[in-house]
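Novice: Next comes the structure file model26.pdb, holding PDB, C-alpha atoms.
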```
ATOM      1  CA  MET A1130      34.130  36.710  35.760
ATOM      2  CA  ILE A1131      31.683  34.108  34.477
ATOM      3  CA  HIS A1132      28.956  36.759  34.253
ATOM      4  CA  VAL A1133      31.243  39.045  32.223
ATOM      5  CA  ILE A1134      32.098  36.286  29.742
ATOM      6  CA  ARG A1135      28.460  35.270  29.493
ATOM      7  CA  ALA A1136      27.377  38.858  28.785
ATOM      8  CA  ALA A1137      30.064  39.212  26.104
ATOM      9  CA  VAL A1138      28.988  35.960  24.422
ATOM     10  CA  VAL A1139      25.322  36.943  24.478
ATOM     11  CA  ALA A1140      26.155  40.343  23.005
ATOM     12  CA  SER A1141      28.241  38.725  20.236
ATOM     13  CA  ILE A1142      25.431  36.353  19.326
ATOM     14  CA  GLY A1143      22.943  39.229  19.238
ATOM     15  CA  ILE A1144      25.126  41.310  16.951
ATOM     16  CA  LEU A1145      25.757  38.425  14.557
ATOM     17  CA  LEU A1146      22.125  37.382  14.385
ATOM     18  CA  ALA A1147      20.937  40.952  13.901
ATOM     19  CA  ALA A1148      23.421  41.513  11.085
ATOM     20  CA  HIS A1149      22.047  38.547   9.163
ATOM     21  CA  ALA A1150      18.356  38.705  10.084
ATOM     22  CA  ASN A1151      17.529  42.310   9.196
ATOM     23  CA  ALA A1152      16.488  43.174   5.675
ATOM     24  CA  GLU A1153      18.136  46.204   4.167
ATOM     25  CA  LEU A1154      15.584  48.521   2.592
ATOM     26  CA  ILE A1155      17.268  50.208  -0.366
ATOM     27  CA  THR A1156      15.347  53.367  -1.230
ATOM     28  CA  PHE A1157      18.016  55.028  -3.448
ATOM     29  CA  ASP A1158      17.021  58.331  -1.824
ATOM     30  CA  ASN A1159      20.482  59.017  -0.407
ATOM     31  CA  LEU A1160      21.978  59.186  -3.915
ATOM     32  CA  SER A1161      22.359  62.408  -5.901
ATOM     33  CA  ASP A1162      20.848  63.032  -9.328
ATOM     34  CA  GLY A1163      19.930  66.168 -11.238
ATOM     35  CA  GLY A1164      16.932  64.675 -13.014
ATOM     36  CA  GLU A1165      18.708  63.099 -15.987
ATOM     37  CA  GLY A1166      19.716  59.771 -14.434
ATOM     38  CA  THR A1167      23.095  59.045 -12.777
ATOM     39  CA  PRO A1168      24.824  55.621 -12.773
ATOM     40  CA  ILE A1169      24.756  53.835  -9.415
ATOM     41  CA  SER A1170      28.301  53.097  -8.265
ATOM     42  CA  ASN A1171      29.495  49.690  -7.154
ATOM     43  CA  GLY A1172      29.454  49.370  -3.395
ATOM     44  CA  TYR A1173      26.199  51.228  -2.876
ATOM     45  CA  ALA A1174      24.187  49.301  -0.245
ATOM     46  CA  GLY A1175      26.942  46.685  -0.294
ATOM     47  CA  LEU A1176      26.122  45.576  -3.850
ATOM     48  CA  ASN A1177      27.659  45.801  -7.313
ATOM     49  CA  TRP A1178      25.441  47.521  -9.888
ATOM     50  CA  THR A1179      25.428  47.108 -13.676
ATOM     51  CA  ASN A1180      23.467  49.554 -15.864
ATOM     52  CA  PHE A1181      21.280  50.822 -13.035
ATOM     53  CA  ASN A1182      20.829  54.600 -12.846
ATOM     54  CA  VAL A1183      19.307  56.614 -10.036
ATOM     55  CA  LEU A1184      16.652  59.133 -11.113
ATOM     56  CA  ASN A1185      15.328  62.021  -9.038
ATOM     57  CA  THR A1186      11.666  61.969 -10.016
ATOM     58  CA  GLN A1187      11.043  65.459  -8.686
ATOM     59  CA  LEU A1188      13.740  66.984 -10.884
ATOM     60  CA  ASP A1189      13.036  64.913 -13.999
ATOM     61  CA  PRO A1190      11.673  67.397 -16.559
ATOM     62  CA  ASP A1191       9.754  64.814 -18.624
ATOM     63  CA  PRO A1192       6.381  63.429 -17.454
ATOM     64  CA  ALA A1193       6.695  59.631 -17.291
ATOM     65  CA  GLY A1194       5.769  56.629 -15.211
ATOM     66  CA  TYR A1195       8.541  57.243 -12.694
ATOM     67  CA  GLN A1196       6.627  60.062 -11.029
ATOM     68  CA  ASN A1197       3.509  57.877 -10.792
ATOM     69  CA  GLY A1198       5.181  55.008  -9.003
ATOM     70  CA  VAL A1199       7.877  56.389  -6.729
ATOM     71  CA  VAL A1200       7.261  54.990  -3.234
ATOM     72  CA  SER A1201       9.729  56.962  -1.130
ATOM     73  CA  LEU A1202      10.614  60.368  -2.532
ATOM     74  CA  PRO A1203      12.476  61.404  -4.480
ATOM     75  CA  ASN A1204      14.492  58.641  -6.217
ATOM     76  CA  VAL A1205      14.004  55.416  -8.127
ATOM     77  CA  ALA A1206      16.499  53.151  -9.917
ATOM     78  CA  LEU A1207      16.031  52.408 -13.619
ATOM     79  CA  ASN A1208      17.724  50.298 -16.290
ATOM     80  CA  GLY A1209      19.671  52.753 -18.412
ATOM     81  CA  GLY A1210      18.487  52.942 -22.018
ATOM     82  CA  GLY A1211      16.067  50.099 -21.431
ATOM     83  CA  HIS A1212      18.943  47.607 -21.598
ATOM     84  CA  ALA A1213      19.703  44.619 -19.358
ATOM     85  CA  ALA A1214      20.691  45.492 -15.797
ATOM     86  CA  SER A1215      21.772  43.613 -12.686
ATOM     87  CA  PHE A1216      23.007  43.814  -9.125
ATOM     88  CA  SER A1217      25.205  41.303  -7.330
ATOM     89  CA  SER A1218      27.278  40.630  -4.251
ATOM     90  CA  ALA A1219      30.320  38.569  -3.268
ATOM     91  CA  GLY A1220      28.206  36.902  -0.579
ATOM     92  CA  GLU A1221      24.800  35.291  -0.772
ATOM     93  CA  PHE A1222      21.627  37.207  -0.015
ATOM     94  CA  THR A1223      17.838  36.875  -0.072
ATOM     95  CA  LEU A1224      15.910  39.055  -2.503
ATOM     96  CA  THR A1225      12.761  39.720  -0.501
ATOM     97  CA  SER A1226      10.740  42.253  -2.483
ATOM     98  CA  ALA A1227      10.731  45.439  -4.543
ATOM     99  CA  TYR A1228       8.316  47.927  -6.026
ATOM    100  CA  VAL A1229       8.519  47.692  -9.822
ATOM    101  CA  GLY A1230       6.966  49.910 -12.490
ATOM    102  CA  ALA A1231       7.354  51.025 -16.106
ATOM    103  CA  GLY A1232       8.876  54.297 -17.232
ATOM    104  CA  TRP A1233       7.279  54.698 -20.657
ATOM    105  CA  ASN A1234       5.505  51.590 -21.980
ATOM    106  CA  ASP A1235       2.345  50.023 -20.559
ATOM    107  CA  GLY A1236       2.265  46.241 -20.430
ATOM    108  CA  LEU A1237       6.065  46.153 -20.199
ATOM    109  CA  SER A1238       7.503  42.662 -19.661
ATOM    110  CA  VAL A1239      10.347  42.416 -17.124
ATOM    111  CA  VAL A1240      12.189  39.098 -16.810
ATOM    112  CA  VAL A1241      13.956  38.683 -13.449
ATOM    113  CA  LEU A1242      16.549  35.945 -12.880
ATOM    114  CA  GLY A1243      18.127  34.945  -9.571
ATOM    115  CA  LYS A1244      21.571  33.379  -9.875
ATOM    116  CA  LEU A1245      24.167  31.782  -7.626
ATOM    117  CA  ASN A1246      27.710  32.052  -8.963
ATOM    118  CA  GLY A1247      26.364  32.519 -12.492
ATOM    119  CA  VAL A1248      23.921  29.581 -12.378
ATOM    120  CA  GLN A1249      20.220  30.438 -12.634
ATOM    121  CA  VAL A1250      18.202  29.185  -9.653
ATOM    122  CA  ASP A1251      15.094  31.421  -9.738
ATOM    123  CA  SER A1252      13.101  33.247 -12.393
ATOM    124  CA  THR A1253       9.883  35.159 -12.903
ATOM    125  CA  THR A1254       8.329  37.456 -15.488
ATOM    126  CA  LEU A1255       6.546  40.618 -14.392
ATOM    127  CA  THR A1256       4.137  42.792 -16.362
ATOM    128  CA  VAL A1257       4.243  46.417 -15.237
ATOM    129  CA  ASN A1258       2.633  49.693 -16.248
ATOM    130  CA  THR A1259       3.235  53.438 -16.141
ATOM    131  CA  SER A1260       0.248  54.141 -13.899
ATOM    132  CA  GLY A1261       2.161  53.136 -10.772
ATOM    133  CA  SER A1262       4.483  50.602  -9.202
ATOM    134  CA  THR A1263       3.526  47.181  -7.844
ATOM    135  CA  LEU A1264       4.997  45.463  -4.787
ATOM    136  CA  GLU A1265       6.579  42.271  -6.102
ATOM    137  CA  THR A1266       7.469  39.610  -3.519
ATOM    138  CA  PHE A1267      10.299  37.239  -4.460
ATOM    139  CA  ASN A1268      11.686  35.627  -1.286
ATOM    140  CA  TRP A1269      14.596  34.174  -3.279
ATOM    141  CA  SER A1270      17.301  32.946  -0.920
ATOM    142  CA  GLY A1271      20.792  31.622  -1.551
ATOM    143  CA  ILE A1272      21.580  33.863  -4.525
ATOM    144  CA  ASN A1273      24.303  36.430  -5.207
ATOM    145  CA  GLU A1274      23.096  38.015  -8.459
ATOM    146  CA  VAL A1275      19.809  39.324  -9.860
ATOM    147  CA  ASP A1276      19.476  40.016 -13.589
ATOM    148  CA  PHE A1277      16.745  42.080 -15.245
ATOM    149  CA  SER A1278      15.727  42.402 -18.896
ATOM    150  CA  SER A1279      12.708  44.263 -20.241
ATOM    151  CA  SER A1280      10.849  44.210 -23.533
ATOM    152  CA  GLY A1281       7.579  44.962 -25.298
ATOM    153  CA  GLY A1282       4.703  47.010 -24.080
ATOM    154  CA  THR A1283       2.887  49.907 -25.703
ATOM    155  CA  PRO A1284       4.034  53.524 -25.371
ATOM    156  CA  ASN A1285       1.750  55.572 -23.157
ATOM    157  CA  PRO A1286       0.325  58.292 -25.460
ATOM    158  CA  GLU A1287       0.298  60.802 -22.616
ATOM    159  CA  PHE A1288       4.101  60.780 -22.507
ATOM    160  CA  THR A1289       4.881  62.743 -25.654
ATOM    161  CA  THR A1290       8.576  63.236 -24.874
ATOM    162  CA  GLY A1291       9.645  59.596 -24.956
ATOM    163  CA  ALA A1292       8.999  55.863 -25.109
ATOM    164  CA  GLY A1293      10.972  52.737 -24.411
ATOM    165  CA  THR A1294      11.534  49.681 -22.269
ATOM    166  CA  GLU A1295      12.883  51.278 -19.108
ATOM    167  CA  PHE A1296      11.515  49.898 -15.840
ATOM    168  CA  TYR A1297      12.262  51.150 -12.338
ATOM    169  CA  LEU A1298      12.741  49.827  -8.814
ATOM    170  CA  ASP A1299      11.993  51.465  -5.495
ATOM    171  CA  ASN A1300      12.235  50.277  -1.880
ATOM    172  CA  LEU A1301      14.235  47.187  -2.762
ATOM    173  CA  SER A1302      14.472  44.744   0.169
ATOM    174  CA  VAL A1303      17.582  42.545   0.389
ATOM    175  CA  VAL A1304      18.707  40.361   3.311
ATOM    176  CA  PRO A1305      22.421  39.454   3.554
ATOM    177  CA  GLU A1306      22.853  35.794   4.451
ATOM    178  CA  PRO A1307      25.378  34.516   7.002
ATOM    179  CA  THR A1308      28.690  33.226   5.717
ATOM    180  CA  ALA A1309      30.025  29.833   6.752
ATOM    181  CA  GLY A1310      32.424  31.609   9.098
ATOM    182  CA  GLY A1311      29.607  33.600  10.645
ATOM    183  CA  ILE A1312      27.521  30.483  11.224
ATOM    184  CA  LEU A1313      30.525  28.737  12.791
ATOM    185  CA  LEU A1314      31.164  31.723  15.052
ATOM    186  CA  VAL A1315      27.552  31.836  16.226
ATOM    187  CA  GLY A1316      27.592  28.094  16.869
ATOM    188  CA  THR A1317      30.824  28.339  18.846
ATOM    189  CA  ALA A1318      29.480  31.226  20.896
ATOM    190  CA  ARG A1319      26.305  29.295  21.703
ATOM    191  CA  LEU A1320      28.356  26.258  22.697
ATOM    192  CA  LEU A1321      30.490  28.358  25.005
ATOM    193  CA  LEU A1322      27.409  29.955  26.506
ATOM    194  CA  GLY A1323      25.916  26.511  27.135
ATOM    195  CA  ARG A1324      29.066  25.342  28.861
ATOM    196  CA  ARG A1325      29.118  28.425  31.070
ATOM    197  CA  ARG A1326      25.511  27.821  32.046
ATOM    198  CA  VAL A1327      26.291  24.185  32.969
ATOM    199  CA  ALA A1328      29.317  25.299  34.973
ATOM    200  CA  GLY A1329      27.193  27.912  36.717
ATOM    201  CA  VAL A1330      24.613  25.295  37.674
ATOM    202  CA  GLU A1331      27.273  22.885  38.941
ATOM    203  CA  ASN A1332      28.959  25.600  40.952
ATOM    204  CA  GLY A1333      25.740  27.139  42.164
TER     205      GLY A1333
END
```
Please re-express this file's structure in structure tokens.

Specialist:
Amino acid sequence: MIHVIRAAVVASIGILLAAHANAELITFDNLSDGGEGTPISNGYAGLNWTNFNVLNTQLDPDPAGYQNGVVSLPNVALNGGGHAASFSSAGEFTLTSAYVGAGWNDGLSVVVLGKLNGVQVDSTTLTVNTSGSTLETFNWSGINEVDFSSSGGTPNPEFTTGAGTEFYLDNLSVVPEPTAGGILLVGTARLLLGRRRVAGVENG
């Protein structure tokens, strides 16, 4: 009986730790788009999305920076109309990294803010281009919202069908962080496991 309980406790700890230790790689490739940009619905990848559209770069009829920088085919996520965009969650997470590039303007400035319950705790400013995406490493922990705003840059003359301050993301890496209840549950399970081990030694 002790072995059964011990196995169950070990399995529970493993599941809980795995759920909170593994980064979720968000590629946007399992979303549908006809090449014109489709709003990302709340709940996708466990996050709430504001003014982020998914774009199928292979179906997009206009040559632009999206095709140059897509990391995993075929989709990227972009800020609709070049306006401010964000994603958030009810629980805290770590923003690990993302590939970021510009849709139309070279030298585009992208301001990224990390917030916890509406209070800014992290910030950085990126400069991106249409020639390709760049892996940006953040490692921002203890946040539940990321805000983006883009401005400036110079239109790429090769893209004759458009210009603007749209940027894009691909292969976004986010790590959900354990809740207080989850931490308490793991701690309780470890305590129980320790007691069972002591009892096993005393009875052995």

Novice: Got a sec: who's within 10 Å of Gly1282 in chain A, counting only C-alpha atoms, leaving out chain neighbours fewer than 5 positions off, as a PyMOL selection string?

Specialist: chain A and resi 1231+1233-1238+1256-1258+1292-1294

Novice: Tell me which of A:Glu1165, A:Glu1274, A:Glu1295, A:Glu1287 sits closest to Phe1222 in chain A, counting all atoms listed in the file.

Specialist: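 Comparing A:Glu1165, A:Glu1274, A:Glu1295, A:Glu1287 against Phe1222 in chain A, the winner is A:Glu1274.
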
Novice: What gap, in Å, lies between CA of Pro1190 in chain A and CA of Pro1168 in chain A?

Specialist: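 Atom-to-atom, CA of Pro1190 in chain A to CA of Pro1168 in chain A, that is 18.1 Å.
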
Novice: For CA of Glu1265 in chain A and CA of Tyr1173 in chain A, determine how far apart the two atoms are, in Å to one decimal place.

Specialist: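 Computed distance, CA of Glu1265 in chain A to CA of Tyr1173 in chain A, equals 21.8 Å.
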
Novice: Pick out the residues sitting within 8 Å of Ser1252 in chain A, and hand them over as a PyMOL selection string; count all atoms listed in the file, and ignore anything fewer than 6 positions along from it in its own chain.

Specialist: chain A and resi 1240-1243

Novice: Might you pull out every residue within 12 Å of Thr1263 in chain A, with only C-alpha atoms counted and same-chain residues fewer than 2 positions away left off, and present them as a PDB file with C-alpha atoms, keeping the file's coordinate frame?

Specialist:
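Contents of part.pdb, as written:
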```pdb
ATOM      1  CA  ASN A1197       3.509  57.877 -10.792  1.00  0.00           C
ATOM      2  CA  GLY A1198       5.181  55.008  -9.003  1.00  0.00           C
ATOM      3  CA  VAL A1199       7.877  56.389  -6.729  1.00  0.00           C
ATOM      4  CA  VAL A1200       7.261  54.990  -3.234  1.00  0.00           C
ATOM      5  CA  SER A1226      10.740  42.253  -2.483  1.00  0.00           C
ATOM      6  CA  ALA A1227      10.731  45.439  -4.543  1.00  0.00           C
ATOM      7  CA  TYR A1228       8.316  47.927  -6.026  1.00  0.00           C
ATOM      8  CA  VAL A1229       8.519  47.692  -9.822  1.00  0.00           C
ATOM      9  CA  GLY A1230       6.966  49.910 -12.490  1.00  0.00           C
ATOM     10  CA  ALA A1231       7.354  51.025 -16.106  1.00  0.00           C
ATOM     11  CA  LEU A1255       6.546  40.618 -14.392  1.00  0.00           C
ATOM     12  CA  THR A1256       4.137  42.792 -16.362  1.00  0.00           C
ATOM     13  CA  VAL A1257       4.243  46.417 -15.237  1.00  0.00           C
ATOM     14  CA  ASN A1258       2.633  49.693 -16.248  1.00  0.00           C
ATOM     15  CA  THR A1259       3.235  53.438 -16.141  1.00  0.00           C
ATOM     16  CA  SER A1260       0.248  54.141 -13.899  1.00  0.00           C
ATOM     17  CA  GLY A1261       2.161  53.136 -10.772  1.00  0.00           C
ATOM     18  CA  GLU A1265       6.579  42.271  -6.102  1.00  0.00           C
ATOM     19  CA  THR A1266       7.469  39.610  -3.519  1.00  0.00           C
ATOM     20  CA  PHE A1296      11.515  49.898 -15.840  1.00  0.00           C
ATOM     21  CA  TYR A1297      12.262  51.150 -12.338  1.00  0.00           C
ATOM     22  CA  LEU A1298      12.741  49.827  -8.814  1.00  0.00           C
ATOM     23  CA  ASP A1299      11.993  51.465  -5.495  1.00  0.00           C
ATOM     24  CA  ASN A1300      12.235  50.277  -1.880  1.00  0.00           C
ATOM     25  CA  LEU A1301      14.235  47.187  -2.762  1.00  0.00           C
TER      26      LEU A1301
END
```

Novice: Mind telling me what the PyMOL selection byres ((chain A and resi 1169) around 9) catches here, as an MDAnalysis selection string?

Specialist: chainID A and resid 1160 1167:1168 1170:1173 1177:1183 1206

Novice: Report, in Å with one decimal, the straight-line distance from CA of Leu1184 in chain A to CA of Ala1214 in chain A.

Specialist: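 Here the two named atoms are 15.0 Å from each other.
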
Novice: Using the chain letters and numbers from the file, give me the residues hit by the PyMOL selection byres ((chain A and resi 1303) around 6), as a ChimeraX atom specification.

Specialist: /A:1152-1153,1223-1225,1302,1304

Novice: Between A:Leu1188, A:Glu1306, A:Asp1158, A:Val1239, which residue has the minimum interatomic distance to Leu1202 in chain A, considering all atoms listed in the file?

Specialist: A:Asp1158
